[in-house]
$ cat work27.pdb   # PDB, C-alpha atoms
ATOM      1  CA  MET A   1      -8.291 -10.218  -5.593
ATOM      2  CA  ALA A   2      -8.405 -12.333  -8.695
ATOM      3  CA  GLU A   3      -9.627  -9.678 -11.110
ATOM      4  CA  THR A   4      -7.686  -6.543 -11.849
ATOM      5  CA  LEU A   5      -9.540  -3.276 -11.884
ATOM      6  CA  LYS A   6      -9.984  -1.388 -15.118
ATOM      7  CA  LYS A   7      -7.322   1.303 -15.196
ATOM      8  CA  GLY A   8      -8.747   4.686 -14.334
ATOM      9  CA  SER A   9     -12.143   3.361 -13.279
ATOM     10  CA  ARG A  10     -13.645   4.869 -10.152
ATOM     11  CA  VAL A  11     -13.953   2.639  -7.138
ATOM     12  CA  THR A  12     -16.731   3.809  -4.823
ATOM     13  CA  GLY A  13     -19.048   2.623  -2.103
ATOM     14  CA  ALA A  14     -18.986  -1.001  -1.016
ATOM     15  CA  ALA A  15     -16.481  -1.958  -3.717
ATOM     16  CA  ARG A  16     -14.015   0.625  -2.373
ATOM     17  CA  GLU A  17     -14.452  -0.603   1.202
ATOM     18  CA  LYS A  18     -13.917  -4.214   0.120
ATOM     19  CA  LEU A  19     -10.819  -3.279  -1.902
ATOM     20  CA  ALA A  20      -9.412  -1.286   1.035
ATOM     21  CA  ALA A  21      -9.970  -4.242   3.386
ATOM     22  CA  ASP A  22      -8.304  -6.665   0.948
ATOM     23  CA  LEU A  23      -5.322  -4.357   0.441
ATOM     24  CA  LYS A  24      -4.988  -3.806   4.193
ATOM     25  CA  LYS A  25      -5.008  -7.553   4.892
ATOM     26  CA  LYS A  26      -2.374  -8.263   2.237
ATOM     27  CA  TYR A  27      -0.189  -5.304   3.275
ATOM     28  CA  ASP A  28      -0.345  -6.336   6.935
ATOM     29  CA  SER A  29       0.731  -9.856   5.938
ATOM     30  CA  GLY A  30       3.863  -8.480   4.255
ATOM     31  CA  ALA A  31       2.999  -7.542   0.661
ATOM     32  CA  SER A  32       4.586  -4.348  -0.635
ATOM     33  CA  ILE A  33       2.642  -1.410  -2.020
ATOM     34  CA  ARG A  34       4.304  -1.949  -5.395
ATOM     35  CA  ALA A  35       3.299  -5.620  -5.440
ATOM     36  CA  LEU A  36      -0.284  -4.713  -4.541
ATOM     37  CA  ALA A  37      -0.353  -2.042  -7.258
ATOM     38  CA  GLU A  38       0.832  -4.524  -9.865
ATOM     39  CA  GLU A  39      -1.655  -7.151  -8.687
ATOM     40  CA  THR A  40      -4.630  -4.795  -8.860
ATOM     41  CA  GLY A  41      -3.553  -2.962 -12.003
ATOM     42  CA  ARG A  42      -3.661   0.373 -10.188
ATOM     43  CA  SER A  43      -0.950   2.935  -9.490
ATOM     44  CA  TYR A  44       1.360   3.026  -6.487
ATOM     45  CA  GLY A  45      -0.288   6.291  -5.410
ATOM     46  CA  PHE A  46      -3.787   4.800  -5.561
ATOM     47  CA  VAL A  47      -2.796   1.829  -3.387
ATOM     48  CA  HIS A  48      -0.901   4.103  -0.977
ATOM     49  CA  ARG A  49      -3.956   6.360  -0.642
ATOM     50  CA  MET A  50      -6.294   3.397  -0.096
ATOM     51  CA  LEU A  51      -4.043   2.040   2.657
ATOM     52  CA  SER A  52      -3.803   5.458   4.308
ATOM     53  CA  GLU A  53      -7.578   5.894   4.189
ATOM     54  CA  SER A  54      -8.079   2.505   5.837
ATOM     55  CA  GLY A  55      -5.825   3.468   8.759
ATOM     56  CA  VAL A  56      -2.857   1.203   8.047
ATOM     57  CA  ALA A  57       0.435   2.091   9.731
ATOM     58  CA  LEU A  58       2.700   2.238   6.685
ATOM     59  CA  ARG A  59       6.101   0.599   6.946
ATOM     60  CA  GLY A  60       9.321   2.530   6.504
ATOM     61  CA  ARG A  61      11.317   2.285   3.323
ATOM     62  CA  GLY A  62      13.992   0.106   4.901
ATOM     63  CA  GLY A  63      17.612  -0.031   3.896
ATOM     64  CA  ALA A  64      20.627   1.396   5.645
ATOM     65  CA  THR A  65      20.173   4.551   7.665
ATOM     66  CA  ARG A  66      22.714   7.273   8.147
ATOM     67  CA  GLY A  67      21.913   8.121  11.723
ATOM     68  CA  LYS A  68      24.488   9.000  14.335
ATOM     69  CA  LYS A  69      26.502   6.068  15.569
ATOM     70  CA  ALA A  70      26.247   5.174  19.208
ATOM     71  CA  ALA A  71      28.979   6.864  21.197
ATOM     72  CA  THR A  72      31.351   4.374  22.771
ATOM     73  CA  THR A  73      33.244   5.223  25.904
ATOM     74  CA  ALA A  74      36.530   3.436  26.351
TER
END
$ encode --input "work27.pdb" --output "structure tokens"
Amino acid sequence: MAETLKKGSRVTGAAREKLAADLKKKYDSGASIRALAEETGRSYGFVHRMLSESGVALRGRGGATRGKKAATTA
């Protein structure tokens, strides 16, 4: 996606489907939503919504979790 979209412009029809496919491909190959938003000149929410609409399984936020530790029996 060489060109960035004009901020606030509507993306509809075939252009929206193409953008969703491009975002999906890049996200599936490891790009973050924030990186995709910066690349396209759109907001995080817009990219998130486009990915959700295209059926992508969104990754978790990562980082340390505070779940219960496995019980050890001695």
$ resolve_selection --input "work27.pdb" --expression "the PyMOL selection byres ((chain A and resi 59) around 10)" --output "list in words"
Tyr27, Asp28, Gly30, Ser32, Ile33, Val56, Ala57, Leu58, Gly60, Arg61 and Gly62 of chain A
$ write_last_selection --input "work27.pdb" --atoms "C-alpha atoms" --output "PDB file, keeping the file's coordinate frame"
ATOM      1  CA  TYR A  27      -0.189  -5.304   3.275  1.00  0.00           C
ATOM      2  CA  ASP A  28      -0.345  -6.336   6.935  1.00  0.00           C
ATOM      3  CA  GLY A  30       3.863  -8.480   4.255  1.00  0.00           C
ATOM      4  CA  SER A  32       4.586  -4.348  -0.635  1.00  0.00           C
ATOM      5  CA  ILE A  33       2.642  -1.410  -2.020  1.00  0.00           C
ATOM      6  CA  VAL A  56      -2.857   1.203   8.047  1.00  0.00           C
ATOM      7  CA  ALA A  57       0.435   2.091   9.731  1.00  0.00           C
ATOM      8  CA  LEU A  58       2.700   2.238   6.685  1.00  0.00           C
ATOM      9  CA  GLY A  60       9.321   2.530   6.504  1.00  0.00           C
ATOM     10  CA  ARG A  61      11.317   2.285   3.323  1.00  0.00           C
ATOM     11  CA  GLY A  62      13.992   0.106   4.901  1.00  0.00           C
TER      12      GLY A  62
END
$ residues_around --input "work27.pdb" --residues "Ala21 in chain A" --least-positions-apart "5" --cutoff "12 Å" --atoms "only C-alpha atoms" --output "short mmCIF file (atom, residue, chain, number, x, y, z; two decimals) with C-alpha atoms, in the coordinates of the input"
data_model
loop_
_atom_site.label_atom_id
_atom_site.label_comp_id
_atom_site.auth_asym_id
_atom_site.auth_seq_id
_atom_site.Cartn_x
_atom_site.Cartn_y
_atom_site.Cartn_z
CA MET A 1 -8.29 -10.22 -5.59
CA ALA A 14 -18.99 -1.00 -1.02
CA ALA A 15 -16.48 -1.96 -3.72
CA ARG A 16 -14.02 0.62 -2.37
CA LYS A 26 -2.37 -8.26 2.24
CA TYR A 27 -0.19 -5.30 3.28
CA ASP A 28 -0.34 -6.34 6.94
CA VAL A 47 -2.80 1.83 -3.39
CA MET A 50 -6.29 3.40 -0.10
CA LEU A 51 -4.04 2.04 2.66
CA SER A 52 -3.80 5.46 4.31
CA GLU A 53 -7.58 5.89 4.19
CA SER A 54 -8.08 2.50 5.84
CA GLY A 55 -5.82 3.47 8.76
CA VAL A 56 -2.86 1.20 8.05
#
$ residues_near_point --input "work27.pdb" --point "(-7.2, -9.0, -0.5)" --cutoff "12 Å" --atoms "all atoms listed in the file" --output "list of chain:residue names"
A:Met1, A:Ala2, A:Glu3, A:Thr4, A:Arg16, A:Glu17, A:Lys18, A:Leu19, A:Ala20, A:Ala21, A:Asp22, A:Leu23, A:Lys24, A:Lys25, A:Lys26, A:Tyr27, A:Asp28, A:Ser29, A:Ala31, A:Leu36, A:Ala37, A:Glu39, A:Thr40, A:Leu51
$ resolve_selection --input "work27.pdb" --expression "the PyMOL selection byres ((chain A and resi 9) around 12)" --output "list in words"
Thr4, Leu5, Lys6, Lys7, Gly8, Arg10, Val11, Thr12, Ala15, Arg16, Thr40, Gly41, Arg42, Ser43 and Phe46 of chain A
